[in-house]
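The block underneath contains the structure these notes are about, expressed in structure tokens.
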Amino acid sequence: MSSASTSAAASTADSQNGISGRLSFIVGLVLLGFLGLIPVLSVAFEDPFLLTLFTRIVIMAIAAVSLNLILGYGGMVSFGHAAYIGVGGYTVGILAFHGVHAAWIQWPLAVIISGIVAALIGLLSLRTKGIFFIMITLALSQLVYYLGNGAFAYGGDDGLNIMKRSDFGGLLNLDNRPTFYYLCWVILLATVYFVHRTVNSRFGMVLQGAKSNDRRMATIGFPVHRYQLTAFVLAGMICGLAGVLTATFTGFISPAMMHWSRSGDLIVMVVLGGMGSLFGPVFGTVAFLLLEEVLSSWTEYWKIVFGPILVLVVLFARGGIDGAMVRGQAGALLAGLAAFFLLYGVHSAYEDEWLIPTLILVAACALAWVAKWAIDRKGARHD
Amino acid sequence: MLLIFEQFLNGLQIGLLLFLLAAGLTLVFGIMDMVNLAHGSLYMMGAYFAAVFTEWTGSFFLGAALALPAGALLGIAVEMIALRTLYTRDHLDQVLATFGLILFFNELARLMFGAGGMTIQTPDWLQGQILILPGLPYPSYRFLIILVGLLCAAFLYVLVQRTRLGMLIRAGASNREMVGALGINIKQLFTLVFGLGSALAALAGLMAGPVTTVQIGMGDNILILALVVIVIGGIGSLPGAFIAALAIGIIDTMGRAFLPNILGSFLSPSEASTLATALSSMLIYILMAAVLVLRPAGLFPAPGR
């Protein structure tokens, strides 16, 4: 856990911390700015798919940033975070189904209901710790998932189409795709800023203190449980808003939005980018979804490459992308990029039926070699 | 009354299948403190191995006899290549890395065996019914699952409680450094236990294969159930896993069998059956939440943890 917390400290105290901490901060700002240019680029390259892809990325980034608040800064491994995407989405969908289209009713209600669900889940799961916490958040989110499956009035497991988008009374036209994109982008900026202010406030300090030692914080006199629950509810509400955006964007709700593997994806995004860092979840979401997009355009079996990449990241790239920048591990990032272009080269050089076995071989060899290296290194340290 | 008894047997059968999966999970979890989400993938691969080997040899039992060691070897390979370095990491890392393995194995199965799924052909004499009580015929294959499950439970009990290997396993669970200091090769012990767990997962998969079809992702949802089983039973406790698995199997089956009728008395039949399916799936998670609220370490936590 130590490397994660050092990277957290490094990037939250961004400006005073050496050049490497500043690098992550600058890259983060540049990335957010670049995200703001996507509609323009989409028009310039005459590629409407670019806008679709990045709308999804920005929305998932909001969810990942909210998960980072409790996972990265609070040390609470919630394995059911996608449930709030579902709750937010279903609130909008169900209201629209009954003819309520006013966003002023839909959106706040969705956020409030997400908060209530998060409070219920948090109240139950915060009684436990460690692996039990992971499991109970997973189980309770499965409960919500099956609730969606059983909601036969709203399509059951087939899902439900939302015929009419939320109505901002002429203020915003959500049918206009760039407008909707900018709305999502602004919400992402606001979320990043909100989490930044929260974790650097007295509240956030207690939260981070409880992450490293909750008993110590309790002894000092802080009602740790109440702080953690508050953070849990806040994260749930923000993620509920991401759910609202997802439902509005796709015009469709279904239980698949909150399947447990979606929660796993969210954790992967946060860890890949760097837990407990300001821009880490944004880095992670962009990397995850772009990788998914590129790999799946090469081969339908893209997860056979993505799975081992994930294992490697967990084994060797602690602190994720942000951590590599903060520690000044330009080499690690370059190696990642080089590996990516190697794959790209393999892809261009061979026909598709050759690609898959080659990639498996490369992935398996890399895994085996790296594992052996790690074991040797560990053995050497013990001797 | 007979209907209730039959559904009880069905519940027992599902519970024992769950136990086979949960037993392997709890061995790995309880002894190495390793959360292995890829356990469901080993279950799926076991089922695929059985399907392929049965097709090759033309005999279900030869296929099963080959699939078991194949499952164990696959598990050992996974342990040696990817998981060995994770024992000392925190649970989040283990969850993530094994989540990556799930993605890998699902795609590998799609690549190797096709997206369509496979069926396992059982011999004719297993496709009929046998009379277990006067007036109560029961599908013989399901009865076989019950027998195998009970035999396995007995085998595990003897192995863990009565043999030297079992003694080492129990000792490794409470203090691995001490066992290592006594001159036991703890690395080999862990690999062995992991192989045993994988063989159990493969056994569960190949037993389930003929009942459900063998398909991609078949391990994912039942894995969550198996996790619920060991969390309710108490991590690292085989008897706890046994009791929790049976309880969950029976509650789940009874819910699916009788909730539609109960709900049907005030809803339309189609609505009642959908709602009953959802409700009975939720029942298990409600049970888990209730158990954890009352006993945060599970019903029968293993001593010394």
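Letters A, B, ... mark the chains of the structure tokens in the order given; residue numbers begin at 1 per chain; ligand numbers begin at 1, in order shown.
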
- Query: If we count only C-alpha atoms, what is near Leu25 of chain B at a cut-off of 12 Å, once residues fewer than 6 positions away on the same chain are taken out, given as a ChimeraX atom specification?
  - Reply: /B:18-19,31-43,193-202,204,223-231,235-238,241

- Pull out every residue of chain A sitting within 8 Å of chain B, counting only C-alpha atoms, and send them as a count of residues only. 43

- Query: Skipping near chain neighbours, those fewer than 4 positions away, what residues fall within 10 Å of segment 135-143 of chain B using only C-alpha atoms, listed as a PyMOL selection string?
  - Reply: chain B and resi 2-3+5-6+9-10+12-14+122-123+125-131+147-149+207-208+210-211

- Message: Please return, as a PyMOL selection string, all residues of segment 180-324 of chain A that DSSP assigns to alpha helix (DSSP H) on the basis of the backbone.
- Response: chain A and resi 180-199+202-212+214-220+224-250+260-273+280-298+303-316+320-324

- Item | Surrounding residues of Gly273 of chain A excluding itself and chain neighbours under 6 positions, 7 Å, only C-alpha atoms, as a PyMOL selection string | chain A and resi 280-284+320-322

Restricted to all heavy atoms, what would the selected residues look like written as a CSV table (one decimal), in the first residue's frame?
chain,number,residue,atom,x,y,z
A,280,GLY,N,-5.2,10.3,-11.8
A,280,GLY,CA,-5.0,8.9,-12.0
A,280,GLY,C,-6.2,8.3,-12.7
A,280,GLY,O,-6.1,7.6,-13.7
A,281,PRO,N,-7.4,8.4,-12.1
A,281,PRO,CA,-8.6,7.7,-12.7
A,281,PRO,C,-8.9,8.2,-14.1
A,281,PRO,O,-9.3,7.4,-14.9
A,281,PRO,CB,-9.7,8.1,-11.8
A,281,PRO,CG,-9.1,8.7,-10.5
A,281,PRO,CD,-7.7,9.1,-10.8
A,282,VAL,N,-8.6,9.5,-14.4
A,282,VAL,CA,-8.8,10.0,-15.8
A,282,VAL,C,-7.8,9.3,-16.7
A,282,VAL,O,-8.2,8.8,-17.8
A,282,VAL,CB,-8.7,11.5,-15.8
A,282,VAL,CG1,-9.0,12.0,-17.2
A,282,VAL,CG2,-9.6,12.1,-14.8
A,283,PHE,N,-6.5,9.2,-16.3
A,283,PHE,CA,-5.5,8.5,-17.1
A,283,PHE,C,-6.0,7.1,-17.3
A,283,PHE,O,-5.9,6.6,-18.5
A,283,PHE,CB,-4.2,8.5,-16.4
A,283,PHE,CG,-3.5,9.8,-16.2
A,283,PHE,CD1,-2.7,10.0,-15.1
A,283,PHE,CD2,-3.7,10.8,-17.1
A,283,PHE,CE1,-2.1,11.2,-14.9
A,283,PHE,CE2,-3.1,12.1,-16.9
A,283,PHE,CZ,-2.3,12.3,-15.8
A,284,GLY,N,-6.4,6.5,-16.2
A,284,GLY,CA,-6.8,5.0,-16.3
A,284,GLY,C,-7.9,4.8,-17.2
A,284,GLY,O,-7.9,3.9,-18.0
A,320,GLY,N,0.3,2.7,-10.9
A,320,GLY,CA,-0.2,2.9,-12.2
A,320,GLY,C,0.5,4.0,-13.0
A,320,GLY,O,1.7,4.3,-12.8
A,321,ILE,N,-0.2,4.6,-14.0
A,321,ILE,CA,0.4,5.5,-14.9
A,321,ILE,C,0.8,6.8,-14.1
A,321,ILE,O,2.0,7.2,-14.3
A,321,ILE,CB,-0.7,5.9,-15.9
A,321,ILE,CG1,-1.1,4.7,-16.8
A,321,ILE,CG2,-0.1,7.0,-16.9
A,321,ILE,CD1,-2.2,4.9,-17.7
A,322,ASP,N,0.0,7.2,-13.2
A,322,ASP,CA,0.3,8.4,-12.4
A,322,ASP,C,1.6,8.1,-11.6
A,322,ASP,O,2.5,9.0,-11.5
A,322,ASP,CB,-0.8,8.8,-11.5
A,322,ASP,CG,-0.6,10.1,-10.8
A,322,ASP,OD1,-0.9,11.1,-11.3
A,322,ASP,OD2,0.0,10.0,-9.6

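Taking atom CA of Tyr73 of chain A and atom CA of Gln208 of chain A as endpoints, the distance between them is 5.4 Å.
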
- Query: If you run DSSP on this backbone, which residues of segment 85-291 of chain B come out as strand (DSSP E), and could you give them as an MDAnalysis selection string?
  - Reply: chainID B and resid 129:133 136:139

Deliver the residues from the most recent selection as a file, using C-alpha atoms, as a PDB file, in the first residue's frame.
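Below is the file result.pdb, written as the result:
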ATOM      1  CA  GLN B 129     -34.259 -42.257 -13.563  1.00  0.00           C
ATOM      2  CA  ILE B 130     -33.797 -44.392 -10.518  1.00  0.00           C
ATOM      3  CA  LEU B 131     -36.256 -45.088  -7.732  1.00  0.00           C
ATOM      4  CA  ILE B 132     -34.677 -43.760  -4.576  1.00  0.00           C
ATOM      5  CA  LEU B 133     -37.845 -44.165  -2.499  1.00  0.00           C
ATOM      6  CA  LEU B 136     -40.095 -41.159  -5.951  1.00  0.00           C
ATOM      7  CA  PRO B 137     -38.103 -41.538  -9.158  1.00  0.00           C
ATOM      8  CA  TYR B 138     -35.123 -39.211  -9.478  1.00  0.00           C
ATOM      9  CA  PRO B 139     -32.824 -38.490 -12.458  1.00  0.00           C
TER      10      PRO B 139
END

Against segment 156-172 of chain A, which residues of segment 83-124 of chain A fall within 7 Å? For each one I want the closest pair of atoms and the distance in Å (one decimal), counting only C-alpha atoms, rows by chain and increasing residue number, as JSON lines.
{"residue": "A:Gly93", "atom": "CA", "partner": "A:Ile162", "partner_atom": "CA", "distance": 5.8}
{"residue": "A:Ala96", "atom": "CA", "partner": "A:Ile162", "partner_atom": "CA", "distance": 6.5}
{"residue": "A:Phe97", "atom": "CA", "partner": "A:Ile162", "partner_atom": "CA", "distance": 6.9}
{"residue": "A:His101", "atom": "CA", "partner": "A:Ser166", "partner_atom": "CA", "distance": 5.1}
{"residue": "A:Ala102", "atom": "CA", "partner": "A:Asp167", "partner_atom": "CA", "distance": 4.9}
{"residue": "A:Ala103", "atom": "CA", "partner": "A:Ser166", "partner_atom": "CA", "distance": 5.0}

- Task: List the neighbours of Leu229 of chain A out to 8 Å using only C-alpha atoms; skip same-chain residues closer than 4 positions along the sequence, and give me the result as a ChimeraX atom specification.
- Result: /A:119,122-123,126,225,233

- Message: I want to know what sits within 8 Å of segment 286-289 of chain A, based on only C-alpha atoms, with residues of the same chain fewer than 5 positions away left out; could you give that as a ChimeraX atom specification?
- Response: /A:57,61,269,272-273

Just N, CA, C and O atoms for this one: save the residues we selected as an mmCIF file, in the first residue's frame.
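Resulting contents of selection08.cif:
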data_model
loop_
_atom_site.group_PDB
_atom_site.id
_atom_site.type_symbol
_atom_site.label_atom_id
_atom_site.label_comp_id
_atom_site.auth_asym_id
_atom_site.auth_seq_id
_atom_site.Cartn_x
_atom_site.Cartn_y
_atom_site.Cartn_z
ATOM 1 N N ILE A 57 -15.847 7.736 -22.807
ATOM 2 C CA ILE A 57 -14.664 7.840 -21.950
ATOM 3 C C ILE A 57 -14.870 8.857 -20.845
ATOM 4 O O ILE A 57 -14.600 8.605 -19.673
ATOM 5 N N ALA A 61 -14.977 8.227 -16.933
ATOM 6 C CA ALA A 61 -13.970 8.897 -16.103
ATOM 7 C C ALA A 61 -14.620 9.521 -14.871
ATOM 8 O O ALA A 61 -14.041 9.491 -13.780
ATOM 9 N N MET A 269 -9.789 0.607 -13.990
ATOM 10 C CA MET A 269 -9.485 1.958 -14.483
ATOM 11 C C MET A 269 -8.752 2.765 -13.428
ATOM 12 O O MET A 269 -7.755 3.446 -13.717
ATOM 13 N N LEU A 272 -5.208 1.162 -12.792
ATOM 14 C CA LEU A 272 -4.358 1.362 -13.965
ATOM 15 C C LEU A 272 -3.838 2.796 -14.023
ATOM 16 O O LEU A 272 -2.676 3.047 -14.344
ATOM 17 N N GLY A 273 -4.689 3.748 -13.679
ATOM 18 C CA GLY A 273 -4.288 5.147 -13.742
ATOM 19 C C GLY A 273 -3.470 5.579 -12.539
ATOM 20 O O GLY A 273 -2.605 6.441 -12.634
#

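For Val199 of chain A, the non-local neighbours within 9 Å, defined as residues at least 6 positions apart in the same chain or in other chains and counting only C-alpha atoms, are Thr12, Leu69, Tyr73, Met205, Val206, Leu207 and Gln208 of chain A.
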
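Minimum atom-to-atom distance to Gly243 of chain A, evaluated using only C-alpha atoms, belongs to A:Val87 out of A:Leu71, A:Ile187, A:Leu53, A:Val87.
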
- Message: I'd like to know which of B:Gly234, B:Leu168, B:Leu192, B:Thr26 is closest to Ala77 of chain B, using only C-alpha atoms.
- Response: B:Leu192
